[in-house]
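Source file: target-v8.txt. Holds: compact mmCIF, C-alpha atoms.
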# COMPACT_ATOMS: atom_id res chain seq x y z
CA MET A 992 54.40 95.40 103.96
CA LEU A 993 56.42 98.44 104.92
CA GLU A 994 59.35 99.11 102.64
CA LYS A 995 62.69 98.73 104.41
CA LYS A 996 64.64 101.98 104.46
CA ALA A 997 68.33 102.63 104.98
CA ARG A 998 68.96 104.51 108.22
CA ILE A 999 70.93 107.66 107.48
CA ALA A 1000 73.11 109.86 109.69
CA VAL A 1001 74.13 113.32 108.48
CA LEU A 1002 77.30 114.87 109.90
CA VAL A 1003 77.42 118.67 109.71
CA SER A 1004 79.36 121.60 111.12
CA GLY A 1005 77.36 124.64 110.04
CA GLY A 1006 74.03 125.87 108.76
CA GLY A 1007 72.95 122.59 107.28
CA THR A 1008 71.70 123.74 103.86
CA ASN A 1009 72.69 120.39 102.36
CA LEU A 1010 70.96 118.63 105.25
CA GLN A 1011 67.84 120.64 104.39
CA ALA A 1012 68.15 119.60 100.73
CA ILE A 1013 68.20 115.96 101.86
CA LEU A 1014 65.19 116.44 104.17
CA ASP A 1015 63.27 118.23 101.39
CA ALA A 1016 64.13 115.39 99.01
CA GLU A 1017 62.70 112.92 101.52
CA GLN A 1018 59.48 114.95 101.66
CA SER A 1019 59.20 115.16 97.87
CA GLY A 1020 59.95 111.47 97.34
CA VAL A 1021 63.30 111.93 95.58
CA ILE A 1022 64.73 109.98 98.51
CA HIS A 1023 62.48 107.00 99.28
CA SER A 1024 64.97 104.23 100.02
CA GLY A 1025 66.35 105.88 103.14
CA GLU A 1026 65.49 108.22 105.98
CA VAL A 1027 67.56 110.58 108.10
CA VAL A 1028 67.34 109.40 111.71
CA LEU A 1029 70.38 111.13 113.20
CA VAL A 1030 72.21 114.44 112.80
CA ILE A 1031 75.62 114.87 114.43
CA SER A 1032 77.47 118.18 114.64
CA ASN A 1033 80.89 119.04 116.03
CA ASN A 1034 79.67 122.61 116.49
CA ARG A 1035 77.30 123.27 119.38
CA ASN A 1036 75.83 126.32 117.63
CA ALA A 1037 75.31 124.74 114.21
CA TYR A 1038 71.93 125.73 112.79
CA ALA A 1039 71.81 122.21 111.36
CA LEU A 1040 70.94 120.97 114.87
CA THR A 1041 67.94 123.34 114.89
CA ARG A 1042 66.90 121.98 111.49
CA ALA A 1043 67.08 118.45 112.91
CA GLU A 1044 64.99 119.43 115.93
CA LYS A 1045 62.35 121.09 113.73
CA ALA A 1046 62.16 117.93 111.62
CA GLY A 1047 61.83 115.72 114.71
CA ILE A 1048 65.20 114.08 114.11
CA LYS A 1049 67.63 113.18 116.89
CA GLY A 1050 70.49 115.70 116.96
CA LEU A 1051 73.78 115.26 118.81
CA TYR A 1052 76.65 117.60 119.54
CA ILE A 1053 79.99 115.77 119.78
CA SER A 1054 83.06 117.92 120.34
CA LYS A 1055 86.59 116.88 119.46
CA LYS A 1056 87.86 119.80 121.51
CA GLU A 1057 86.06 118.59 124.63
CA LEU A 1058 86.97 114.94 124.06
CA LYS A 1059 90.63 115.98 123.56
CA THR A 1060 91.67 113.37 120.97
CA GLN A 1061 90.65 112.23 117.49
CA GLU A 1062 90.30 108.67 118.83
CA ALA A 1063 87.88 109.69 121.59
CA PHE A 1064 85.90 111.88 119.17
CA GLU A 1065 85.58 109.10 116.59
CA ALA A 1066 84.69 106.56 119.28
CA ALA A 1067 81.83 108.82 120.44
CA VAL A 1068 80.59 109.27 116.85
CA GLU A 1069 80.84 105.52 116.22
CA SER A 1070 78.92 104.76 119.39
CA ALA A 1071 76.10 107.10 118.31
CA LEU A 1072 76.00 105.49 114.84
CA GLU A 1073 75.86 101.98 116.32
CA GLU A 1074 73.10 102.95 118.71
CA GLU A 1075 70.93 104.17 115.83
CA LYS A 1076 71.91 101.20 113.59
CA ILE A 1077 73.06 103.57 110.85
CA ASP A 1078 73.45 102.17 107.31
CA LEU A 1079 74.68 105.30 105.52
CA ILE A 1080 76.69 108.31 106.70
CA VAL A 1081 76.46 111.59 104.79
CA LEU A 1082 79.05 114.31 105.35
CA ALA A 1083 77.36 117.60 104.50
CA GLY A 1084 79.73 120.44 105.29
CA PHE A 1085 81.43 118.47 108.05
CA MET A 1086 84.65 120.31 108.93
CA SER A 1087 86.52 117.46 110.54
CA ILE A 1088 88.77 114.99 108.74
CA LEU A 1089 88.02 111.39 109.66
CA SER A 1090 90.88 108.94 110.17
CA LYS A 1091 91.60 105.79 108.18
CA ASP A 1092 90.69 103.82 111.30
CA PHE A 1093 87.19 105.31 111.16
CA THR A 1094 86.57 105.34 107.39
CA SER A 1095 87.79 101.75 106.94
CA ARG A 1096 85.00 100.56 109.26
CA TYR A 1097 82.38 101.90 106.87
CA PRO A 1098 83.55 101.03 103.34
CA LYS A 1099 81.18 102.55 100.75
CA ARG A 1100 78.96 103.68 103.62
CA ILE A 1101 80.21 107.27 103.91
CA ILE A 1102 79.56 109.86 101.22
CA ASN A 1103 80.60 113.51 101.02
CA VAL A 1104 79.66 116.47 98.85
CA HIS A 1105 82.52 118.71 97.69
CA PRO A 1106 81.88 122.12 96.05
CA ALA A 1107 84.14 121.61 93.01
CA LEU A 1108 84.66 119.15 90.17
CA ILE A 1109 87.17 116.71 91.67
CA PRO A 1110 90.14 116.42 90.95
CA SER A 1111 90.13 120.24 90.75
CA PHE A 1112 90.31 122.34 93.93
CA CYS A 1113 90.13 119.45 96.35
CA GLY A 1114 92.12 117.78 99.09
CA LYS A 1115 93.57 119.16 102.29
CA GLY A 1116 92.78 122.82 102.91
CA TYR A 1117 90.09 123.05 100.24
CA TYR A 1118 86.76 123.60 101.99
CA GLY A 1119 84.00 126.17 102.15
CA LEU A 1120 84.69 129.50 100.46
CA ARG A 1121 88.35 128.58 99.93
CA VAL A 1122 87.30 126.26 97.09
CA HIS A 1123 85.46 129.02 95.25
CA GLU A 1124 88.23 131.55 95.89
CA ALA A 1125 90.71 129.13 94.30
CA ALA A 1126 88.43 128.50 91.30
CA LEU A 1127 88.03 132.23 90.65
CA LYS A 1128 91.74 132.89 91.12
CA LYS A 1129 92.52 130.22 88.53
CA GLY A 1130 90.01 131.74 86.12
CA VAL A 1131 88.10 128.55 85.37
CA LYS A 1132 84.94 128.98 83.30
CA VAL A 1133 83.21 125.90 84.69
CA THR A 1134 83.11 124.59 88.24
CA GLY A 1135 80.52 122.45 90.03
CA ALA A 1136 80.07 119.88 92.75
CA THR A 1137 81.06 116.26 93.34
CA VAL A 1138 79.57 113.57 95.54
CA HIS A 1139 82.08 110.84 96.39
CA PHE A 1140 82.70 107.97 98.75
CA VAL A 1141 84.90 108.87 101.70
CA ASN A 1142 88.21 107.20 102.49
CA GLU A 1143 91.21 108.34 104.53
CA ILE A 1144 92.36 110.75 101.79
CA PRO A 1145 90.50 114.09 101.85
CA ASP A 1146 88.24 114.12 98.76
CA GLY A 1147 90.03 110.96 97.60
CA GLY A 1148 87.24 108.38 97.36
CA GLU A 1149 85.49 107.05 94.27
CA ILE A 1150 83.21 109.58 92.56
CA ILE A 1151 79.45 108.90 92.62
CA ALA A 1152 78.11 111.98 90.82
CA GLN A 1153 79.22 115.33 89.41
CA LYS A 1154 77.39 118.35 88.04
CA ALA A 1155 78.93 121.31 86.28
CA VAL A 1156 78.07 124.95 86.97
CA GLU A 1157 79.05 127.94 84.87
CA VAL A 1158 81.29 130.63 86.32
CA MET A 1159 80.00 134.10 85.43
CA ASP A 1160 81.86 137.38 84.93
CA GLY A 1161 81.81 139.38 88.13
CA ASP A 1162 81.35 136.34 90.39
CA THR A 1163 82.55 136.69 93.97
CA PRO A 1164 83.33 133.56 96.01
CA GLU A 1165 80.02 134.06 97.87
CA ILE A 1166 77.95 134.37 94.68
CA LEU A 1167 79.66 131.35 93.14
CA GLN A 1168 79.20 129.32 96.33
CA LYS A 1169 75.44 130.01 96.27
CA ARG A 1170 75.13 129.06 92.58
CA VAL A 1171 77.08 125.82 93.07
CA MET A 1172 74.87 124.90 96.03
CA GLU A 1173 71.59 125.65 94.25
CA GLN A 1174 72.46 124.23 90.83
CA ALA A 1175 74.68 121.31 91.80
CA GLU A 1176 75.01 120.33 95.48
CA TRP A 1177 71.31 120.37 96.29
CA VAL A 1178 70.60 118.34 93.15
CA ILE A 1179 73.24 115.61 93.14
CA LEU A 1180 73.53 115.06 96.90
CA PRO A 1181 69.90 113.91 97.37
CA GLN A 1182 70.12 111.86 94.15
CA SER A 1183 73.30 110.18 95.41
CA VAL A 1184 71.82 109.56 98.85
CA GLU A 1185 68.87 107.78 97.20
CA LYS A 1186 71.18 105.76 94.93
CA ILE A 1187 73.43 104.54 97.78
CA ALA A 1188 70.50 104.00 100.17
CA ALA A 1189 68.79 101.80 97.55
CA LEU A 1190 71.98 99.76 97.06
CA SER A 1191 72.32 99.42 100.84
CA VAL A 1192 68.72 98.24 101.30
CA ASN A 1193 69.13 95.72 98.49
CA GLY A 1194 72.40 94.43 99.94
CA GLU A 1195 74.32 95.47 96.83
CA LEU A 1196 77.03 97.55 98.48
As structure tokens, what does this structure read like?
Amino acid sequence: MLEKKARIAVLVSGGGTNLQAILDAEQSGVIHSGEVVLVISNNRNAYALTRAEKAGIKGLYISKKELKTQEAFEAAVESALEEEKIDLIVLAGFMSILSKDFTSRYPKRIINVHPALIPSFCGKGYYGLRVHEAALKKGVKVTGATVHFVNEIPDGGEIIAQKAVEVMDGDTPEILQKRVMEQAEWVILPQSVEKIAALSVNGEL
């Protein structure tokens, strides 16, 4: 009998390196309780959509700008998720805050990766390189990444996993960003996806 797998959607805005880490983890068997069946981007030119196409995964571009309102944007995303019968939503560098109306429909079904050890350097305005700039400015010796459930508060949901990464002398935000991705994000995001997918399949969420 074929093992039931959680159907996963990944929401991205940029290059999709975390999406690639998830796809690689599927290939290697780290993720075996779920499969990515949909990639949604709010950026038409996101390389993540190319990654999806190369992997034979359905990719969609949904623009808030074109749809004019948050409500219309979220309705379009929701419709796409329903159509693909999505069990788990992964935000992987998705540069759009989702409303309480949206997140409350998917309790413990949306996870996000944040490039810092929450509660440090998180919340509104902390994304991308800004997080690493803030960490270096503060002079912290350890940073890292966090995977957490998503609610209406930016970076405010329950923590699933964290991994620490050392800050080195001479680090620039770009160098630190790369180290955090390689040593933390690409490790704990696939592990967390597997963990939540397994719970979803077993009806334990």
Can you tell me, as number ranges by chain, what residues are no more than 6 Å from range 1049-1063 of chain A when counting only C-alpha atoms, ignoring any on the same chain fewer than 5 positions away?
A: 1029-1033, 1035, 1040, 1043
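Checking A:Gly1194, A:Pro1110, A:Gly1020, A:Gly1084 one by one against Ala997 in chain A, counting all atoms listed in the file, you find the shortest gap at A:Gly1194.
CA of Ser1095 in chain A lies 28.4 Å from CA of Ala1016 in chain A.
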Counting only C-alpha atoms, what is within 12 Å of Ala1083 in chain A, bar same-chain residues fewer than 3 positions away, as number ranges by chain?
A: 1000-1013, 1030-1032, 1039, 1080, 1086-1087, 1101-1106, 1118-1119, 1137-1139, 1141, 1172, 1176-1177, 1180-1181, 1184
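The smallest atom-to-atom distance between Leu1190 in chain A and any of A:Ser1111, A:Gln1174, A:Gln1018, A:Ser1024, using all atoms listed in the file, is found for A:Ser1024.
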So how many Å separate CA of Tyr1038 in chain A and CA of Leu1082 in chain A, to one decimal?
15.4 Å
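Shortest separation to Ser1183 in chain A among A:Ile1022, A:Gly1135, A:Glu1044, A:Val1027 occurs at residue A:Ile1022, atoms counted being all atoms listed in the file.
CA of Pro1098 in chain A sits 7.8 Å away from CA of Asn1142 in chain A.
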Taking (69.1, 103.5, 100.6) in the coordinates of the supplied file, I want to know which residues reach to within 12 Å of it, counting only C-alpha atoms; could you give the answer as a count of residues only?
37
Within 12 Å of Glu1165 in chain A using all atoms listed in the file, minus same-chain residues under 6 positions, as a compact mmCIF listing (two decimals) with C-alpha atoms, keeping the file's coordinate frame:
# COMPACT_ATOMS: atom_id res chain seq x y z
CA GLY A 1119 84.00 126.17 102.15
CA LEU A 1120 84.69 129.50 100.46
CA ARG A 1121 88.35 128.58 99.93
CA VAL A 1122 87.30 126.26 97.09
CA HIS A 1123 85.46 129.02 95.25
CA GLU A 1124 88.23 131.55 95.89
CA LEU A 1127 88.03 132.23 90.65
CA VAL A 1171 77.08 125.82 93.07
CA MET A 1172 74.87 124.90 96.03
Quick one: residues within 7 Å of Phe1112 in chain A, all atoms listed in the file counted, chain neighbours fewer than 5 positions away excluded, as an mmCIF file with C-alpha atoms, in the frame of the given file?
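Result file result07.cif:
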data_model
loop_
_atom_site.group_PDB
_atom_site.id
_atom_site.type_symbol
_atom_site.label_atom_id
_atom_site.label_comp_id
_atom_site.auth_asym_id
_atom_site.auth_seq_id
_atom_site.Cartn_x
_atom_site.Cartn_y
_atom_site.Cartn_z
ATOM 1 C CA ALA A 1107 84.140 121.610 93.010
ATOM 2 C CA TYR A 1117 90.090 123.050 100.240
ATOM 3 C CA VAL A 1122 87.300 126.260 97.090
ATOM 4 C CA ALA A 1125 90.710 129.130 94.300
ATOM 5 C CA ALA A 1126 88.430 128.500 91.300
#
Give me, as a list in words, all polymer residues having an atom no more than 10 Å from Lys1115 in chain A, counting all atoms listed in the file and skipping those fewer than 6 positions away in the same chain.
Ile1088, Ile1144, Pro1145 and Asp1146 of chain A
